[in-house]
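**Q** Below you'll find upload_21.pdb; it's PDB, C-alpha atoms.
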```pdb
ATOM      1  CA  MET A  28      96.055 104.349 -59.249
ATOM      2  CA  ARG A  29      98.051 107.424 -60.173
ATOM      3  CA  ILE A  30     100.861 105.930 -62.279
ATOM      4  CA  ARG A  31      99.944 107.602 -65.576
ATOM      5  CA  SER A  32      99.391 111.059 -64.058
ATOM      6  CA  LEU A  33     102.670 110.893 -62.099
ATOM      7  CA  ARG A  34     104.551 109.703 -65.205
ATOM      8  CA  LYS A  35     103.112 112.484 -67.348
ATOM      9  CA  ALA A  36     103.801 115.105 -64.649
ATOM     10  CA  ARG A  37     107.491 114.224 -65.013
ATOM     11  CA  GLY A  38     107.269 114.456 -68.793
ATOM     12  CA  TRP A  39     108.214 110.799 -69.162
ATOM     13  CA  SER A  40     107.042 108.546 -71.953
ATOM     14  CA  LEU A  41     105.730 105.075 -71.295
ATOM     15  CA  ASP A  42     109.081 103.723 -72.489
ATOM     16  CA  ASN A  43     111.012 105.965 -70.057
ATOM     17  CA  LEU A  44     109.136 104.751 -66.984
ATOM     18  CA  ALA A  45     109.071 101.127 -68.154
ATOM     19  CA  GLU A  46     112.861 101.150 -68.562
ATOM     20  CA  ARG A  47     113.419 102.778 -65.149
ATOM     21  CA  ALA A  48     111.060 100.277 -63.461
ATOM     22  CA  GLY A  49     112.455  97.253 -65.304
ATOM     23  CA  ILE A  50     109.192  96.165 -66.907
ATOM     24  CA  SER A  51     108.050  96.101 -70.508
ATOM     25  CA  PRO A  52     106.215  99.100 -71.991
ATOM     26  CA  SER A  53     103.277  96.841 -72.946
ATOM     27  CA  GLN A  54     102.945  95.605 -69.340
ATOM     28  CA  LEU A  55     103.086  99.182 -68.066
ATOM     29  CA  SER A  56     100.467 100.270 -70.596
ATOM     30  CA  ARG A  57      98.092  97.493 -69.491
ATOM     31  CA  ILE A  58      98.678  98.372 -65.818
ATOM     32  CA  GLU A  59      97.952 102.066 -66.452
ATOM     33  CA  THR A  60      94.731 101.287 -68.314
ATOM     34  CA  GLY A  61      93.555  98.752 -65.737
ATOM     35  CA  HIS A  62      93.735  95.830 -68.163
ATOM     36  CA  ARG A  63      96.320  94.055 -66.022
ATOM     37  CA  ARG A  64      96.586  93.573 -62.296
ATOM     38  CA  ILE A  65      99.777  94.900 -60.829
ATOM     39  CA  SER A  66     101.998  92.648 -58.721
ATOM     40  CA  LEU A  67     103.629  93.915 -55.552
ATOM     41  CA  ASP A  68     107.061  93.621 -57.219
ATOM     42  CA  GLN A  69     105.914  95.783 -60.143
ATOM     43  CA  LEU A  70     104.235  98.280 -57.807
ATOM     44  CA  THR A  71     107.425  98.590 -55.757
ATOM     45  CA  ALA A  72     109.583  99.016 -58.883
ATOM     46  CA  ILE A  73     107.280 101.676 -60.344
ATOM     47  CA  SER A  74     107.040 103.607 -57.066
ATOM     48  CA  GLY A  75     110.838 103.555 -56.779
ATOM     49  CA  ALA A  76     111.270 104.760 -60.360
ATOM     50  CA  LEU A  77     108.809 107.609 -59.734
ATOM     51  CA  GLY A  78     110.319 108.444 -56.325
ATOM     52  CA  LYS A  79     106.959 108.011 -54.597
ATOM     53  CA  SER A  80     105.840 105.880 -51.665
ATOM     54  CA  LEU A  81     103.409 103.037 -52.266
ATOM     55  CA  ASP A  82     100.715 105.075 -50.449
ATOM     56  CA  GLU A  83     101.265 108.033 -52.769
ATOM     57  CA  LEU A  84     101.132 105.774 -55.812
ATOM     58  CA  VAL A  85      97.811 104.148 -54.964
ATOM     59  CA  ALA A  86      96.133 107.182 -53.355
ATOM     60  CA  SER A  87      92.914 108.294 -54.966
ATOM     61  CA  PRO A  88      93.332 111.556 -56.885
ATOM     62  CA  ASP A  89      90.126 112.871 -55.301
ATOM     63  CA  ASP A  90      87.968 112.102 -52.258
ATOM     64  CA  SER A  91      85.929 109.312 -53.905
ATOM     65  CA  ASP A  92      87.577 106.673 -51.730
ATOM     66  CA  VAL A  93      86.269 108.426 -48.590
ATOM     67  CA  VAL A  94      83.087 110.338 -49.423
ATOM     68  CA  ILE A  95      79.973 108.317 -50.266
ATOM     69  CA  ARG A  96      77.795 110.275 -52.652
ATOM     70  CA  PRO A  97      74.110 109.520 -53.095
ATOM     71  CA  THR A  98      72.531 108.020 -56.178
ATOM     72  CA  ARG A  99      69.075 109.396 -56.914
ATOM     73  CA  ASP A 100      66.259 107.579 -58.665
ATOM     74  CA  GLU A 101      63.545 110.241 -58.975
ATOM     75  CA  ALA A 102      61.129 107.908 -60.779
ATOM     76  CA  ARG A 103      61.123 105.507 -57.821
ATOM     77  CA  GLY A 104      61.340 108.190 -55.118
ATOM     78  CA  LEU A 105      64.596 106.733 -53.866
ATOM     79  CA  THR A 106      67.997 108.058 -52.889
ATOM     80  CA  SER A 107      70.654 105.538 -51.877
ATOM     81  CA  TRP A 108      74.117 105.606 -50.371
ATOM     82  CA  LEU A 109      76.079 102.420 -51.080
ATOM     83  CA  LEU A 110      78.058 101.762 -47.887
ATOM     84  CA  THR A 111      79.993  98.709 -49.093
ATOM     85  CA  ASN A 112      82.371  98.623 -52.042
ATOM     86  CA  ASP A 113      82.295  95.651 -54.390
ATOM     87  CA  ASP A 114      80.964  92.732 -52.402
ATOM     88  CA  GLY A 115      80.511  93.344 -48.718
ATOM     89  CA  PRO A 116      80.928  90.611 -46.113
ATOM     90  CA  GLN A 117      79.678  87.231 -47.400
ATOM     91  CA  GLY A 118      78.531  88.844 -50.675
ATOM     92  CA  LEU A 119      76.111  91.200 -48.925
ATOM     93  CA  THR A 120      75.527  94.864 -49.756
ATOM     94  CA  VAL A 121      74.811  97.485 -47.106
ATOM     95  CA  ALA A 122      73.089 100.711 -48.137
ATOM     96  CA  LYS A 123      71.257 103.625 -46.614
ATOM     97  CA  MET A 124      68.094 104.522 -48.507
ATOM     98  CA  ARG A 125      65.842 107.572 -48.338
ATOM     99  CA  ILE A 126      62.352 106.687 -49.526
ATOM    100  CA  THR A 127      60.012 109.466 -50.615
ATOM    101  CA  GLU A 128      57.504 107.499 -52.702
ATOM    102  CA  GLN A 129      54.349 107.571 -50.617
ATOM    103  CA  ALA A 130      52.291 104.582 -49.553
ATOM    104  CA  GLY A 131      48.950 104.172 -51.270
ATOM    105  CA  ASN A 132      47.398 101.789 -53.690
ATOM    106  CA  VAL A 133      50.193  99.484 -54.789
ATOM    107  CA  ALA A 134      49.442  97.567 -57.964
ATOM    108  CA  PRO A 135      50.482  93.915 -58.233
ATOM    109  CA  GLU A 136      53.061  94.833 -60.889
ATOM    110  CA  ASP A 137      54.717  97.154 -58.318
ATOM    111  CA  LEU A 138      55.542  94.162 -56.099
ATOM    112  CA  GLY A 139      58.916  92.578 -56.805
ATOM    113  CA  VAL A 140      60.022  88.986 -56.345
ATOM    114  CA  HIS A 141      63.572  87.657 -56.402
ATOM    115  CA  PRO A 142      65.576  84.913 -54.682
ATOM    116  CA  GLY A 143      67.003  85.653 -51.262
ATOM    117  CA  ARG A 144      66.123  87.571 -48.140
ATOM    118  CA  ASP A 145      65.932  91.319 -47.398
ATOM    119  CA  TRP A 146      66.590  92.953 -44.064
ATOM    120  CA  PHE A 147      66.134  96.606 -43.129
ATOM    121  CA  THR A 148      65.904  98.826 -40.096
ATOM    122  CA  VAL A 149      64.076 102.148 -40.119
ATOM    123  CA  LEU A 150      66.326 105.031 -39.078
ATOM    124  CA  SER A 151      63.693 107.779 -39.347
ATOM    125  CA  GLY A 152      60.085 108.116 -40.400
ATOM    126  CA  THR A 153      57.782 105.183 -41.026
ATOM    127  CA  VAL A 154      57.706 102.789 -43.954
ATOM    128  CA  VAL A 155      54.918 100.640 -45.242
ATOM    129  CA  LEU A 156      56.013  97.151 -46.244
ATOM    130  CA  TYR A 157      53.754  95.485 -48.765
ATOM    131  CA  LEU A 158      54.398  91.772 -48.340
ATOM    132  CA  GLY A 159      52.097  89.621 -50.437
ATOM    133  CA  GLU A 160      48.610  90.623 -49.336
ATOM    134  CA  ARG A 161      49.860  91.992 -46.012
ATOM    135  CA  VAL A 162      50.451  95.691 -45.325
ATOM    136  CA  ILE A 163      52.881  96.206 -42.432
ATOM    137  CA  ARG A 164      53.915  99.538 -40.863
ATOM    138  CA  VAL A 165      57.520  99.581 -39.690
ATOM    139  CA  GLU A 166      58.459 102.604 -37.569
ATOM    140  CA  ALA A 167      61.760 104.231 -36.612
ATOM    141  CA  GLY A 168      63.763 101.912 -34.394
ATOM    142  CA  GLN A 169      62.067  98.788 -35.753
ATOM    143  CA  ALA A 170      63.433  96.303 -38.275
ATOM    144  CA  ALA A 171      61.995  93.830 -40.763
ATOM    145  CA  SER A 172      63.297  90.652 -42.366
ATOM    146  CA  PHE A 173      61.473  88.602 -44.971
ATOM    147  CA  SER A 174      61.801  86.160 -47.830
ATOM    148  CA  THR A 175      62.005  88.000 -51.117
ATOM    149  CA  MET A 176      60.176  85.187 -52.875
ATOM    150  CA  VAL A 177      57.050  86.821 -51.401
ATOM    151  CA  PRO A 178      55.971  89.747 -53.632
ATOM    152  CA  HIS A 179      57.084  92.919 -51.855
ATOM    153  CA  ALA A 180      57.522  96.689 -52.008
ATOM    154  CA  VAL A 181      58.470  99.388 -49.499
ATOM    155  CA  ARG A 182      57.006 102.908 -49.477
ATOM    156  CA  SER A 183      57.202 105.845 -47.078
ATOM    157  CA  ASP A 184      54.266 106.748 -44.871
ATOM    158  CA  ARG A 185      53.333 110.462 -44.629
ATOM    159  CA  GLY A 186      56.770 111.858 -45.385
ATOM    160  CA  PRO A 187      60.274 110.672 -46.176
ATOM    161  CA  ALA A 188      61.727 107.675 -44.386
ATOM    162  CA  GLU A 189      65.320 106.498 -44.119
ATOM    163  CA  VAL A 190      66.321 102.865 -43.825
ATOM    164  CA  LEU A 191      69.516 100.881 -43.531
ATOM    165  CA  VAL A 192      69.314  97.764 -45.727
ATOM    166  CA  ILE A 193      71.333  94.595 -46.083
ATOM    167  CA  LEU A 194      70.835  92.884 -49.433
ATOM    168  CA  ASP A 195      72.242  89.845 -51.171
ATOM    169  CA  HIS A 196      73.262  90.257 -54.833
ATOM    170  CA  HIS A 197      69.694  89.555 -56.024
ATOM    171  CA  GLY A 198      68.323  92.258 -53.717
ATOM    172  CA  GLU A 199      71.000  94.737 -54.762
ATOM    173  CA  ARG A 200      70.071  94.339 -58.436
ATOM    174  CA  SER A 201      66.352  94.671 -57.638
ATOM    175  CA  HIS A 202      66.384  97.529 -55.135
ATOM    176  CA  LEU A 203      69.345  99.782 -55.825
ATOM    177  CA  PRO A 204      69.770 102.075 -58.831
ATOM    178  CA  VAL A 205      72.272 100.883 -61.426
ATOM    179  CA  ARG A 206      75.748 102.186 -60.660
TER
END
```
For this file, produce the structure as structure tokens.

**A**
Amino acid sequence: MRIRSLRKARGWSLDNLAERAGISPSQLSRIETGHRRISLDQLTAISGALGKSLDELVASPDDSDVVIRPTRDEARGLTSWLLTNDDGPQGLTVAKMRITEQAGNVAPEDLGVHPGRDWFTVLSGTVVLYLGERVIRVEAGQAASFSTMVPHAVRSDRGPAEVLVILDHHGERSHLPVR
């Protein structure tokens, strides 16, 4: 929200805008700092006081609400693009992942276990899914779904691979870099 930057651009104090919008300075301060949710009535009053439309007031000051930037985890050979904000539909997270860590000898401690179910489809390349004692090749155009209570890991096979994943909150915490 752009309330503070618009207020300061006019040279107004917190008290000035609060008085014009008909709300208390302490409420306005908490709204500006994100410590209080703004009601539609307050949003309308503030936009009117600033002479801005509601769209202009809530517009992102940059392109972060449109452009999805990757998060890189060099240690794990993983780059991810989080395609859902907050919780996706039914608490699920959708992400695109580029896997560069090569398949090979996977130690038991490399296999993760967590409640839930993972699903992915391979967009390009080939991945190797280590699922318990099984080693399964999943190629571009194929998908996999499995219980995550089975020890598992995914690696690329002879070059980078890209996958589209759907994860529940347990899978998101286990597979995606911390945001």

**Q** Find, counting all atoms listed in the file, the residue in A:Ile30, A:Leu41, A:Leu119, A:Ile163 that gets nearest to Asp82 in chain A.

**A** A:Ile30

**Q** Using all atoms listed in the file, determine which residues lie at most 12 Å from Gly78 in chain A, disregarding the query and same-chain residues fewer than 5 positions distant; provide the list as number ranges by chain.

**A** A: 30, 33-34, 37, 44, 47-48, 70-73, 83-84

**Q** Please evaluate the PyMOL selection byres ((chain A and resi 135) around 10) against the structure above and give the resulting residues as a ChimeraX atom specification.

**A** /A:132-134,136-139,159-160,178-180

**Q** Convert the current residue selection to file output with C-alpha atoms, as a compact mmCIF listing (two decimals), in the coordinates of the input.

**A**
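Saved to selection-v5.txt:
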```txt
# COMPACT_ATOMS: atom_id res chain seq x y z
CA ASN A 132 47.40 101.79 -53.69
CA VAL A 133 50.19 99.48 -54.79
CA ALA A 134 49.44 97.57 -57.96
CA GLU A 136 53.06 94.83 -60.89
CA ASP A 137 54.72 97.15 -58.32
CA LEU A 138 55.54 94.16 -56.10
CA GLY A 139 58.92 92.58 -56.80
CA GLY A 159 52.10 89.62 -50.44
CA GLU A 160 48.61 90.62 -49.34
CA PRO A 178 55.97 89.75 -53.63
CA HIS A 179 57.08 92.92 -51.86
CA ALA A 180 57.52 96.69 -52.01
```

**Q** Evaluate the PyMOL selection byres ((chain A and resi 108) around 9) on the structure here and hand back the selected residues as JSON, numbers by chain.

**A** {"A": [95, 96, 97, 98, 106, 107, 109, 110, 121, 122, 123, 124, 125]}

**Q** Print the selection's residues with C-alpha atoms to a file, as a CSV table (one decimal), keeping the file's coordinate frame.

**A**
```
chain,number,residue,atom,x,y,z
A,95,ILE,CA,80.0,108.3,-50.3
A,96,ARG,CA,77.8,110.3,-52.7
A,97,PRO,CA,74.1,109.5,-53.1
A,98,THR,CA,72.5,108.0,-56.2
A,106,THR,CA,68.0,108.1,-52.9
A,107,SER,CA,70.7,105.5,-51.9
A,109,LEU,CA,76.1,102.4,-51.1
A,110,LEU,CA,78.1,101.8,-47.9
A,121,VAL,CA,74.8,97.5,-47.1
A,122,ALA,CA,73.1,100.7,-48.1
A,123,LYS,CA,71.3,103.6,-46.6
A,124,MET,CA,68.1,104.5,-48.5
A,125,ARG,CA,65.8,107.6,-48.3
```

**Q** Figure out the distance between CA of Ala45 in chain A and CA of Ile58 in chain A, please, to one decimal in Å.

**A** 11.0 Å

**Q** Given 6 Å of margin on each side, can you work out the centre and size in Å (one decimal) of an axis-aligned box holding every listed atom of range 55-68 of chain A, as lines of an AutoDock Vina configuration file?

**A**
```
center_x = 100.3
center_y = 97.4
center_z = -63.1
size_x = 25.5
size_y = 21.4
size_z = 27.0
```

**Q** So that I can see what lies close to Phe173 in chain A, please list as a list in words the residues with an atom at most 9 Å from it, counting only C-alpha atoms and leaving out residues fewer than 3 positions away in the same chain.

**A** Gly143, Arg144, Asp145, Trp146, Leu158, Met176 and Val177 of chain A

**Q** Could you write out that same residue set with C-alpha atoms as a short mmCIF file (atom, residue, chain, number, x, y, z; two decimals), keeping the file's coordinate frame?

**A**
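again.cif, written as the output of this step:
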```
data_model
loop_
_atom_site.label_atom_id
_atom_site.label_comp_id
_atom_site.auth_asym_id
_atom_site.auth_seq_id
_atom_site.Cartn_x
_atom_site.Cartn_y
_atom_site.Cartn_z
CA GLY A 143 67.00 85.65 -51.26
CA ARG A 144 66.12 87.57 -48.14
CA ASP A 145 65.93 91.32 -47.40
CA TRP A 146 66.59 92.95 -44.06
CA LEU A 158 54.40 91.77 -48.34
CA MET A 176 60.18 85.19 -52.88
CA VAL A 177 57.05 86.82 -51.40
#
```

**Q** For CA of Gln169 in chain A and CA of Val140 in chain A, quote the distance in Å rounded to one decimal.

**A** 22.9 Å

**Q** Find the distance between CA of Ser172 in chain A and CA of Val94 in chain A and write it in Å to one decimal.

**A**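 Here the two named atoms are 28.8 Å from each other.
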
**Q** Which is closest to Leu156 in chain A among A:Ala171, A:Val181, A:Val85, A:Val93, if we use all atoms listed in the file?

**A**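 Under the stated criterion, the closest residue is A:Val181.
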
**Q** Ranking A:Trp39, A:Arg182, A:Arg29, A:Leu194 by minimum distance to Lys79 in chain A and counting only C-alpha atoms, which one comes first?

**A**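 Answer, going by the shortest atom-to-atom distance: A:Arg29.
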
**Q** Find the residues near Phe147 in chain A: any atom within 6 Å, counting all atoms listed in the file, skip ones fewer than 6 places away on the same chain, and give them as a list in words.

**A**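 Close residues of Phe147 in chain A: Ala170, Ala171, Leu191 and Val192 of chain A.
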
**Q** Run the PyMOL selection byres ((chain A and resi 128) around 6) mentally over the shown coordinates, then write out the matched residues as an NGL selection string, using the chain letters and numbers from the document.

**A** :A and (104 or 126-127 or 129 or 182-183)

**Q** For Val155 in chain A, which residue out of A:Thr175, A:Gly49, A:Pro142, A:Glu189 is the nearest one, using only C-alpha atoms?

**A**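 Under the stated criterion, the closest residue is A:Glu189.
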